[in-house]
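Each remark here refers to the structure printed beneath this line.
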Amino acid sequence: MQSTDTSTQGDGEQSVEALPALDRRADLSYLDFVEGFRAFVLDDTSYQRSAEHALDHLESINGIRPSRLEEFKSTLDELPAVQMHNRLMRTQQEMKWHKLAPSLGARRAELEKELADFDDQGPGKLLLDPDFQPPGYVNVHFHLQPGTYYKDSLSGFMYHWGTKVFFRGDDDRDVLHDKLVDLVPPPADGRVERILDLACSVGQSTTALKRRFPAAAVWGIDHSAPMLRVAHRRAVLLKSDVTFAQRLAEQTGLPDDHIDLVFAFILFHELPIRIVAATVKEMARVLRPGGVFHVFDFLDSASMSPLELYHRDFDARNNGEAYSQDFCDCDFHGLLEANGFSVKHTGTGGGYVKTYFAEKN
Amino acid sequence: MSNVSEQTPEGGAPLAGDHPTYFADPIQDTLVNMLMELAAQVWVNRERMAALEAVLEARGGLDPDAVEEYRPTPERAAALREERDRFVAGLLKEIERLAPPE
């Protein structure tokens, strides 16, 4: 079983092992297998090779390479290597949750007590809203996580463990979040007094933002109380003075022109498109002129290769990414500009994520 | 994909239900899942054996809690991770048969 301890990363930043122990050593090694299984499936070239071969064939018949999903989806669906890839992608997610839920569940009383012990500790604050009503659109098993993100008292621990396996080791010491936070430019005038981390889940980017901008007041907001409690516990262990509040991205309750920097990591593809629009509008309200809005989210459909389009469609339907297709199909760049932002930089790292660094006019 | 979830998210894509199938014959989906579960359990045993051997080597005997508490050194953890990846690659090498040659 893993235990809570602190360690120092190579760059000298303090990190913390906030993942709770699993019930048995066998659960840990089972998940270790799933992590390796997932890594293999993601890197499986037979799937890519088969799909590209089929696309080449369609191009030779039609004289033009298919570019729209409906032109090649049924062909790829019939390929044995693609069928196997799809089966294995689904299976590794199912295996992960089928092991995590009972393993953490076996320690439920102990883990709930631990969260309660941390709720009122500092240096940061945990602001839960007893009257909070989750909107209907969050009632989705995102990434197949049992109990959605908010219905199980251990949803936060479940999510943290799930992302440890999902990111194939990049999540173990908050490596990914530290890296992304270090990429974002501050406002041009250099003033960073208040930061908002949108849909912060277990708060890994929230504390990374505090590390990078130690003088700023940093808030992380999320709809899920179980996530925020885990985020707060982790921040306490890190001695990070940040505030976690139960609020919606589209309705933050913050004053106008209040925030200097907003950070949003893989949030928007989990929102219905009307909430995407409402959230961008809300950010235009709460950011001060010259404030910056930094978004890391799924690549837009127009920039995707045929195989990426195919995978996105598969992932939406088979990995609980209910709204992702609509987000990828929307003109997010145009939406930012229509709400008074200047998009200073967009970029892709060759993966599934696209960055938008925007400034409020 | 077969079988659709009863979840009805606002707009968006229809989500697969609890037991989607991806092959023409659902028995094949079941066999793959059985195989992966078996493989996971084999790995669980191998990992435990590795821990057991390390503990025995270090202590010259076996305390009942020793295996449960054992944590590999960074070097041993790295070696184990490499061994794990070789294990997975060997298990799934049959997938190559389904694809055209490189």
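Chain labels run A, B, ... following the order of the structure tokens; each chain numbers its residues from 1, and ligands are numbered from 1 in the order shown.
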
- Task: Determine which residues of range 38-87 of chain B receive a DSSP assignment of helix (DSSP H, G or I), computed from the backbone, and state them as a ChimeraX atom specification.
- Result: /B:38-59,66-69,74-87

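Summary of the local environment: counting only C-alpha atoms, residues at most 8 Å from Pro186 in chain A, other than itself and those fewer than 4 positions away along its chain, are Gly190, Arg191, Val192, Leu261 and Val292 of chain A.
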
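In this structure, CA of His160 in chain A sits 6.8 Å away from CA of Val202 in chain A.
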
- Task: Please measure the separation of CA of Leu237 in chain A and CA of Glu17 in chain A, giving the value in Å to one decimal.
- Result: 8.8 Å

List the spatial neighbours of Tyr47 in chain A as an mmCIF file with N, CA and C atoms, in the first residue's frame - criterion: any atom at most 12 Å away, only C-alpha atoms, same-chain residues fewer than 3 positions off excluded.
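New file result_26.cif:
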```cif
data_model
loop_
_atom_site.group_PDB
_atom_site.id
_atom_site.type_symbol
_atom_site.label_atom_id
_atom_site.label_comp_id
_atom_site.auth_asym_id
_atom_site.auth_seq_id
_atom_site.Cartn_x
_atom_site.Cartn_y
_atom_site.Cartn_z
ATOM 1 N N PHE A 40 0.542 0.217 -23.775
ATOM 2 C CA PHE A 40 0.737 -0.600 -24.979
ATOM 3 C C PHE A 40 -0.336 -0.299 -26.021
ATOM 4 N N VAL A 41 -1.590 -0.251 -25.589
ATOM 5 C CA VAL A 41 -2.690 -0.046 -26.545
ATOM 6 C C VAL A 41 -2.573 1.326 -27.208
ATOM 7 N N LEU A 42 -2.201 2.326 -26.424
ATOM 8 C CA LEU A 42 -2.079 3.677 -26.996
ATOM 9 C C LEU A 42 -0.965 3.745 -28.034
ATOM 10 N N ASP A 43 0.076 2.970 -27.826
ATOM 11 C CA ASP A 43 1.216 3.010 -28.755
ATOM 12 C C ASP A 43 1.130 1.952 -29.853
ATOM 13 N N ASP A 44 0.036 1.214 -29.888
ATOM 14 C CA ASP A 44 -0.115 0.094 -30.820
ATOM 15 C C ASP A 44 -0.126 0.588 -32.273
ATOM 16 N N SER A 50 -3.293 -0.315 -39.909
ATOM 17 C CA SER A 50 -4.482 -0.862 -40.575
ATOM 18 C C SER A 50 -5.389 0.254 -41.067
ATOM 19 N N ALA A 51 -5.590 1.254 -40.202
ATOM 20 C CA ALA A 51 -6.479 2.358 -40.576
ATOM 21 C C ALA A 51 -5.901 3.134 -41.759
ATOM 22 N N GLU A 52 -4.608 3.413 -41.708
ATOM 23 C CA GLU A 52 -3.990 4.171 -42.812
ATOM 24 C C GLU A 52 -4.046 3.363 -44.107
ATOM 25 N N HIS A 53 -3.868 2.058 -43.997
ATOM 26 C CA HIS A 53 -3.939 1.172 -45.166
ATOM 27 C C HIS A 53 -5.330 1.267 -45.798
ATOM 28 N N ALA A 54 -6.354 1.243 -44.949
ATOM 29 C CA ALA A 54 -7.731 1.328 -45.453
ATOM 30 C C ALA A 54 -8.009 2.697 -46.071
ATOM 31 N N LEU A 76 -13.475 1.641 -41.330
ATOM 32 C CA LEU A 76 -12.563 1.387 -40.207
ATOM 33 C C LEU A 76 -13.211 0.490 -39.151
ATOM 34 N N ASP A 77 -14.509 0.662 -38.947
ATOM 35 C CA ASP A 77 -15.215 -0.163 -37.947
ATOM 36 C C ASP A 77 -15.094 -1.658 -38.249
ATOM 37 N N LEU A 79 -12.476 -3.202 -39.627
ATOM 38 C CA LEU A 79 -11.103 -3.729 -39.648
ATOM 39 C C LEU A 79 -10.813 -4.510 -38.361
ATOM 40 N N PRO A 80 -10.287 -5.721 -38.478
ATOM 41 C CA PRO A 80 -10.010 -6.512 -37.269
ATOM 42 C C PRO A 80 -9.096 -5.798 -36.276
ATOM 43 N N ALA A 81 -8.048 -5.147 -36.767
ATOM 44 C CA ALA A 81 -7.120 -4.481 -35.845
ATOM 45 C C ALA A 81 -7.797 -3.312 -35.136
ATOM 46 N N VAL A 82 -8.703 -2.644 -35.835
ATOM 47 C CA VAL A 82 -9.426 -1.525 -35.223
ATOM 48 C C VAL A 82 -10.433 -2.048 -34.203
ATOM 49 N N GLN A 83 -11.117 -3.126 -34.558
ATOM 50 C CA GLN A 83 -12.059 -3.716 -33.604
ATOM 51 C C GLN A 83 -11.330 -4.139 -32.325
ATOM 52 N N MET A 84 -10.168 -4.747 -32.505
ATOM 53 C CA MET A 84 -9.399 -5.175 -31.327
ATOM 54 C C MET A 84 -8.937 -3.960 -30.516
ATOM 55 N N HIS A 85 -8.457 -2.926 -31.206
ATOM 56 C CA HIS A 85 -8.022 -1.711 -30.519
ATOM 57 C C HIS A 85 -9.179 -1.116 -29.711
ATOM 58 N N ASN A 86 -10.335 -1.025 -30.336
ATOM 59 C CA ASN A 86 -11.490 -0.445 -29.644
ATOM 60 C C ASN A 86 -11.871 -1.279 -28.425
ATOM 61 N N ARG A 87 -11.860 -2.605 -28.610
ATOM 62 C CA ARG A 87 -12.179 -3.499 -27.493
ATOM 63 C C ARG A 87 -11.205 -3.262 -26.331
ATOM 64 N N LEU A 88 -9.920 -3.197 -26.653
ATOM 65 C CA LEU A 88 -8.908 -3.063 -25.595
ATOM 66 C C LEU A 88 -8.959 -1.682 -24.936
ATOM 67 N N MET A 89 -9.249 -0.639 -25.725
ATOM 68 C CA MET A 89 -9.380 0.698 -25.130
ATOM 69 C C MET A 89 -10.496 0.709 -24.082
ATOM 70 N N LEU A 307 -7.663 9.651 -38.701
ATOM 71 C CA LEU A 307 -7.605 8.702 -37.582
ATOM 72 C C LEU A 307 -7.940 9.389 -36.254
ATOM 73 N N TYR A 310 -11.639 9.705 -36.095
ATOM 74 C CA TYR A 310 -12.239 8.409 -35.759
ATOM 75 C C TYR A 310 -12.126 8.144 -34.261
ATOM 76 N N HIS A 311 -10.927 8.379 -33.725
ATOM 77 C CA HIS A 311 -10.723 8.127 -32.293
ATOM 78 C C HIS A 311 -11.580 9.055 -31.436
ATOM 79 N N ILE B 95 -1.887 -9.340 -31.720
ATOM 80 C CA ILE B 95 -2.600 -8.272 -32.439
ATOM 81 C C ILE B 95 -1.941 -8.014 -33.789
ATOM 82 N N GLU B 96 -0.648 -8.220 -33.834
ATOM 83 C CA GLU B 96 0.088 -7.990 -35.084
ATOM 84 C C GLU B 96 -0.500 -8.785 -36.244
ATOM 85 N N ARG B 97 -1.072 -9.963 -35.926
ATOM 86 C CA ARG B 97 -1.632 -10.813 -36.967
ATOM 87 C C ARG B 97 -2.788 -10.152 -37.704
ATOM 88 N N LEU B 98 -3.453 -9.222 -37.039
ATOM 89 C CA LEU B 98 -4.657 -8.612 -37.599
ATOM 90 C C LEU B 98 -4.344 -7.474 -38.567
ATOM 91 N N ALA B 99 -3.108 -7.046 -38.593
ATOM 92 C CA ALA B 99 -2.747 -5.868 -39.396
ATOM 93 C C ALA B 99 -1.934 -6.295 -40.607
ATOM 94 N N PRO B 100 -1.965 -5.484 -41.666
ATOM 95 C CA PRO B 100 -1.093 -5.769 -42.819
ATOM 96 C C PRO B 100 0.364 -5.596 -42.401
ATOM 97 N N PRO B 101 1.291 -6.265 -43.091
ATOM 98 C CA PRO B 101 2.707 -6.149 -42.703
ATOM 99 C C PRO B 101 3.221 -4.734 -42.894
ATOM 100 N N GLU B 102 4.240 -4.401 -42.085
ATOM 101 C CA GLU B 102 4.827 -3.054 -42.183
ATOM 102 C C GLU B 102 5.568 -2.884 -43.490
#
```

- Task: Please provide the set of residues having any atom within 12 Å of Met304 in chain A, restricted to only C-alpha atoms, with same-chain residues fewer than 4 positions apart removed, written as a count of residues only.
- Result: 20

Go through range 101-193 of chain A residue by residue and, counting only C-alpha atoms, keep those with an atom at most 8 Å from range 220-225 of chain A; for each kept residue give the shortest atom pair and its distance in Å to one decimal, ordered by chain and increasing number, as JSON lines.
```
{"residue": "A:Leu128", "atom": "CA", "partner": "A:Ala225", "partner_atom": "CA", "distance": 6.6}
{"residue": "A:Pro134", "atom": "CA", "partner": "A:His223", "partner_atom": "CA", "distance": 6.7}
{"residue": "A:Tyr149", "atom": "CA", "partner": "A:Ser224", "partner_atom": "CA", "distance": 6.3}
{"residue": "A:Tyr150", "atom": "CA", "partner": "A:Ser224", "partner_atom": "CA", "distance": 4.7}
```

- Within 10 Å of Thr279 in chain A, counting only C-alpha atoms, which residues qualify if same-chain residues fewer than 4 places away don't, as a PyMOL selection string? chain A and resi 198+248-252+268+271+273-275+283-285

- Message: Contacts from chain A to chain B, 8 Å maximum, only C-alpha atoms: show me the residue list as number ranges by chain.
- Response: A: 1, 24-26, 29-30, 33-34, 36-37, 40, 46-47, 49-50, 53, 80-81, 83-84, 86-88, 91, 95, 136-137, 139-140, 272, 316-326

Write a file of the selected residues as a compact mmCIF listing (two decimals), in the first residue's frame, keeping N, CA and C atoms.
```
# COMPACT_ATOMS: atom_id res chain seq x y z
N MET A 1 0.85 -1.20 0.00
CA MET A 1 0.00 0.00 0.00
C MET A 1 0.88 1.25 0.00
N ARG A 24 -5.40 -3.40 -0.77
CA ARG A 24 -4.45 -4.52 -0.75
C ARG A 24 -3.32 -4.27 -1.72
N ARG A 25 -2.19 -4.88 -1.44
CA ARG A 25 -1.06 -4.80 -2.35
C ARG A 25 -1.46 -5.30 -3.75
N ALA A 26 -2.29 -6.35 -3.80
CA ALA A 26 -2.70 -6.92 -5.09
C ALA A 26 -3.47 -5.90 -5.93
N SER A 29 -0.83 -3.71 -7.67
CA SER A 29 -0.15 -4.35 -8.80
C SER A 29 -1.11 -4.59 -9.96
N TYR A 30 -2.40 -4.80 -9.65
CA TYR A 30 -3.41 -4.93 -10.71
C TYR A 30 -3.47 -3.63 -11.51
N PHE A 33 -0.56 -3.16 -13.71
CA PHE A 33 -0.75 -3.89 -14.97
C PHE A 33 -1.60 -3.08 -15.94
N VAL A 34 -2.71 -2.53 -15.45
CA VAL A 34 -3.61 -1.77 -16.33
C VAL A 34 -2.88 -0.57 -16.93
N GLY A 36 0.30 -0.35 -17.64
CA GLY A 36 1.14 -0.86 -18.72
C GLY A 36 0.33 -1.31 -19.92
N PHE A 37 -0.80 -1.93 -19.67
CA PHE A 37 -1.73 -2.37 -20.71
C PHE A 37 -2.19 -1.15 -21.52
N PHE A 40 0.54 0.22 -23.78
CA PHE A 40 0.74 -0.60 -24.98
C PHE A 40 -0.34 -0.30 -26.02
N SER A 46 -0.25 -1.30 -34.96
CA SER A 46 -1.03 -2.13 -35.89
C SER A 46 -2.38 -1.48 -36.17
N TYR A 47 -2.93 -0.83 -35.16
CA TYR A 47 -4.19 -0.11 -35.32
C TYR A 47 -4.02 1.04 -36.32
N ARG A 49 -1.65 1.45 -38.51
CA ARG A 49 -1.24 0.96 -39.83
C ARG A 49 -2.44 0.42 -40.61
N SER A 50 -3.29 -0.32 -39.91
CA SER A 50 -4.48 -0.86 -40.57
C SER A 50 -5.39 0.25 -41.07
N HIS A 53 -3.87 2.06 -44.00
CA HIS A 53 -3.94 1.17 -45.17
C HIS A 53 -5.33 1.27 -45.80
N PRO A 80 -10.29 -5.72 -38.48
CA PRO A 80 -10.01 -6.51 -37.27
C PRO A 80 -9.10 -5.80 -36.28
N ALA A 81 -8.05 -5.15 -36.77
CA ALA A 81 -7.12 -4.48 -35.85
C ALA A 81 -7.80 -3.31 -35.14
N GLN A 83 -11.12 -3.13 -34.56
CA GLN A 83 -12.06 -3.72 -33.60
C GLN A 83 -11.33 -4.14 -32.33
N MET A 84 -10.17 -4.75 -32.50
CA MET A 84 -9.40 -5.18 -31.33
C MET A 84 -8.94 -3.96 -30.52
N ASN A 86 -10.34 -1.03 -30.34
CA ASN A 86 -11.49 -0.45 -29.64
C ASN A 86 -11.87 -1.28 -28.42
N ARG A 87 -11.86 -2.61 -28.61
CA ARG A 87 -12.18 -3.50 -27.49
C ARG A 87 -11.21 -3.26 -26.33
N LEU A 88 -9.92 -3.20 -26.65
CA LEU A 88 -8.91 -3.06 -25.60
C LEU A 88 -8.96 -1.68 -24.94
N THR A 91 -11.76 -1.97 -22.58
CA THR A 91 -11.47 -2.94 -21.51
C THR A 91 -10.54 -2.35 -20.45
N MET A 95 -11.45 -2.16 -16.54
CA MET A 95 -10.65 -2.86 -15.53
C MET A 95 -10.19 -1.91 -14.42
N GLY A 136 -27.90 19.35 -14.25
CA GLY A 136 -28.15 18.04 -14.86
C GLY A 136 -27.03 17.58 -15.77
N TYR A 137 -26.33 18.51 -16.38
CA TYR A 137 -25.34 18.10 -17.38
C TYR A 137 -24.11 17.41 -16.78
N ASN A 139 -24.38 14.96 -14.72
CA ASN A 139 -24.80 13.59 -14.39
C ASN A 139 -24.37 12.62 -15.49
N VAL A 140 -23.08 12.53 -15.67
CA VAL A 140 -22.50 11.69 -16.72
C VAL A 140 -21.33 10.92 -16.11
N PRO A 272 -21.71 20.83 -22.15
CA PRO A 272 -22.59 21.06 -23.30
C PRO A 272 -22.23 22.39 -23.95
N ALA A 316 -15.78 9.64 -27.53
CA ALA A 316 -16.99 10.32 -27.06
C ALA A 316 -18.03 9.29 -26.63
N ARG A 317 -18.23 8.29 -27.45
CA ARG A 317 -19.31 7.33 -27.20
C ARG A 317 -18.93 6.26 -26.19
N ASN A 318 -17.65 5.89 -26.19
CA ASN A 318 -17.24 4.71 -25.41
C ASN A 318 -16.42 5.04 -24.17
N ASN A 319 -16.18 6.30 -23.93
CA ASN A 319 -15.42 6.69 -22.75
C ASN A 319 -16.12 7.81 -21.99
N GLY A 320 -17.43 7.89 -22.17
CA GLY A 320 -18.21 8.86 -21.40
C GLY A 320 -17.90 10.31 -21.71
N GLU A 321 -17.37 10.58 -22.89
CA GLU A 321 -17.04 11.97 -23.27
C GLU A 321 -18.22 12.55 -24.04
N ALA A 322 -19.36 12.65 -23.34
CA ALA A 322 -20.62 12.93 -24.01
C ALA A 322 -20.61 14.18 -24.88
N TYR A 323 -19.96 15.22 -24.41
CA TYR A 323 -20.06 16.51 -25.10
C TYR A 323 -18.84 16.85 -25.94
N SER A 324 -17.86 15.97 -25.95
CA SER A 324 -16.57 16.33 -26.55
C SER A 324 -16.66 16.60 -28.04
N GLN A 325 -17.51 15.82 -28.73
CA GLN A 325 -17.60 16.01 -30.18
C GLN A 325 -18.12 17.41 -30.50
N ASP A 326 -19.13 17.85 -29.77
CA ASP A 326 -19.69 19.18 -30.03
C ASP A 326 -18.63 20.26 -29.77
```

Enumerate, as a PDB file with N, CA and C atoms, in the first residue's frame, the complete set of residues in range 62-285 of chain A that a backbone-based DSSP assignment places in strand (DSSP E).
```
ATOM      1  N   LYS A 125      -8.250  27.343   2.381  1.00  0.00           N
ATOM      2  CA  LYS A 125      -9.657  27.250   2.811  1.00  0.00           C
ATOM      3  C   LYS A 125     -10.438  26.331   1.880  1.00  0.00           C
ATOM      4  N   LEU A 126     -11.460  25.699   2.461  1.00  0.00           N
ATOM      5  CA  LEU A 126     -12.400  24.881   1.703  1.00  0.00           C
ATOM      6  C   LEU A 126     -13.785  25.481   1.887  1.00  0.00           C
ATOM      7  N   LEU A 127     -14.377  25.957   0.793  1.00  0.00           N
ATOM      8  CA  LEU A 127     -15.682  26.612   0.864  1.00  0.00           C
ATOM      9  C   LEU A 127     -16.720  25.767   0.125  1.00  0.00           C
ATOM     10  N   ARG A 194      -4.753  37.954  -8.541  1.00  0.00           N
ATOM     11  CA  ARG A 194      -5.822  36.962  -8.306  1.00  0.00           C
ATOM     12  C   ARG A 194      -5.884  35.993  -9.485  1.00  0.00           C
ATOM     13  N   ILE A 195      -5.905  34.703  -9.142  1.00  0.00           N
ATOM     14  CA  ILE A 195      -5.908  33.639 -10.156  1.00  0.00           C
ATOM     15  C   ILE A 195      -7.102  32.737  -9.916  1.00  0.00           C
ATOM     16  N   LEU A 196      -7.718  32.305 -11.012  1.00  0.00           N
ATOM     17  CA  LEU A 196      -8.841  31.375 -10.941  1.00  0.00           C
ATOM     18  C   LEU A 196      -8.504  30.126 -11.746  1.00  0.00           C
ATOM     19  N   ASP A 197      -8.612  28.958 -11.077  1.00  0.00           N
ATOM     20  CA  ASP A 197      -8.410  27.664 -11.741  1.00  0.00           C
ATOM     21  C   ASP A 197      -9.796  27.050 -11.939  1.00  0.00           C
ATOM     22  N   LEU A 198     -10.224  26.997 -13.190  1.00  0.00           N
ATOM     23  CA  LEU A 198     -11.585  26.567 -13.511  1.00  0.00           C
ATOM     24  C   LEU A 198     -11.709  25.049 -13.496  1.00  0.00           C
ATOM     25  N   ALA A 217      -3.473  35.513  -4.811  1.00  0.00           N
ATOM     26  CA  ALA A 217      -4.548  34.720  -4.194  1.00  0.00           C
ATOM     27  C   ALA A 217      -5.059  33.770  -5.273  1.00  0.00           C
ATOM     28  N   VAL A 218      -4.997  32.469  -4.996  1.00  0.00           N
ATOM     29  CA  VAL A 218      -5.374  31.473  -6.004  1.00  0.00           C
ATOM     30  C   VAL A 218      -6.621  30.729  -5.549  1.00  0.00           C
ATOM     31  N   TRP A 219      -7.626  30.723  -6.433  1.00  0.00           N
ATOM     32  CA  TRP A 219      -8.874  29.997  -6.181  1.00  0.00           C
ATOM     33  C   TRP A 219      -9.024  28.876  -7.190  1.00  0.00           C
ATOM     34  N   GLY A 220      -9.439  27.713  -6.696  1.00  0.00           N
ATOM     35  CA  GLY A 220      -9.854  26.624  -7.573  1.00  0.00           C
ATOM     36  C   GLY A 220     -11.330  26.373  -7.348  1.00  0.00           C
ATOM     37  N   ILE A 221     -12.103  26.315  -8.430  1.00  0.00           N
ATOM     38  CA  ILE A 221     -13.540  26.045  -8.272  1.00  0.00           C
ATOM     39  C   ILE A 221     -13.922  24.782  -9.036  1.00  0.00           C
ATOM     40  N   ASP A 222     -14.943  24.103  -8.529  1.00  0.00           N
ATOM     41  CA  ASP A 222     -15.412  22.867  -9.151  1.00  0.00           C
ATOM     42  C   ASP A 222     -16.833  22.609  -8.658  1.00  0.00           C
ATOM     43  N   THR A 243      -7.484  28.560  -2.045  1.00  0.00           N
ATOM     44  CA  THR A 243      -8.893  28.430  -1.667  1.00  0.00           C
ATOM     45  C   THR A 243      -9.623  27.557  -2.676  1.00  0.00           C
ATOM     46  N   PHE A 244     -10.375  26.590  -2.175  1.00  0.00           N
ATOM     47  CA  PHE A 244     -11.202  25.758  -3.049  1.00  0.00           C
ATOM     48  C   PHE A 244     -12.672  26.036  -2.744  1.00  0.00           C
ATOM     49  N   ALA A 245     -13.443  26.343  -3.793  1.00  0.00           N
ATOM     50  CA  ALA A 245     -14.841  26.716  -3.595  1.00  0.00           C
ATOM     51  C   ALA A 245     -15.741  25.945  -4.551  1.00  0.00           C
ATOM     52  N   GLN A 246     -16.924  25.572  -4.042  1.00  0.00           N
ATOM     53  CA  GLN A 246     -17.881  24.804  -4.839  1.00  0.00           C
ATOM     54  C   GLN A 246     -18.723  25.762  -5.670  1.00  0.00           C
ATOM     55  N   ILE A 259     -10.320  39.226 -11.766  1.00  0.00           N
ATOM     56  CA  ILE A 259      -9.272  38.206 -11.870  1.00  0.00           C
ATOM     57  C   ILE A 259      -8.207  38.635 -12.892  1.00  0.00           C
ATOM     58  N   ASP A 260      -6.956  38.276 -12.592  1.00  0.00           N
ATOM     59  CA  ASP A 260      -5.856  38.601 -13.511  1.00  0.00           C
ATOM     60  C   ASP A 260      -5.529  37.455 -14.468  1.00  0.00           C
ATOM     61  N   LEU A 261      -5.727  36.218 -13.995  1.00  0.00           N
ATOM     62  CA  LEU A 261      -5.342  35.054 -14.818  1.00  0.00           C
ATOM     63  C   LEU A 261      -6.321  33.910 -14.548  1.00  0.00           C
ATOM     64  N   VAL A 262      -6.868  33.365 -15.633  1.00  0.00           N
ATOM     65  CA  VAL A 262      -7.730  32.180 -15.539  1.00  0.00           C
ATOM     66  C   VAL A 262      -7.051  31.027 -16.261  1.00  0.00           C
ATOM     67  N   PHE A 263      -7.065  29.860 -15.601  1.00  0.00           N
ATOM     68  CA  PHE A 263      -6.438  28.657 -16.156  1.00  0.00           C
ATOM     69  C   PHE A 263      -7.523  27.595 -16.282  1.00  0.00           C
ATOM     70  N   ALA A 264      -7.617  26.943 -17.435  1.00  0.00           N
ATOM     71  CA  ALA A 264      -8.633  25.894 -17.631  1.00  0.00           C
ATOM     72  C   ALA A 264      -8.010  24.729 -18.385  1.00  0.00           C
ATOM     73  N   PHE A 265      -7.830  23.626 -17.684  1.00  0.00           N
ATOM     74  CA  PHE A 265      -7.202  22.438 -18.282  1.00  0.00           C
ATOM     75  C   PHE A 265      -8.278  21.369 -18.534  1.00  0.00           C
TER      76      PHE A 265
END
```

- Between CA of Gly290 in chain A and CA of Pro187 in chain A, what is the spacing in Å? 6.3 Å
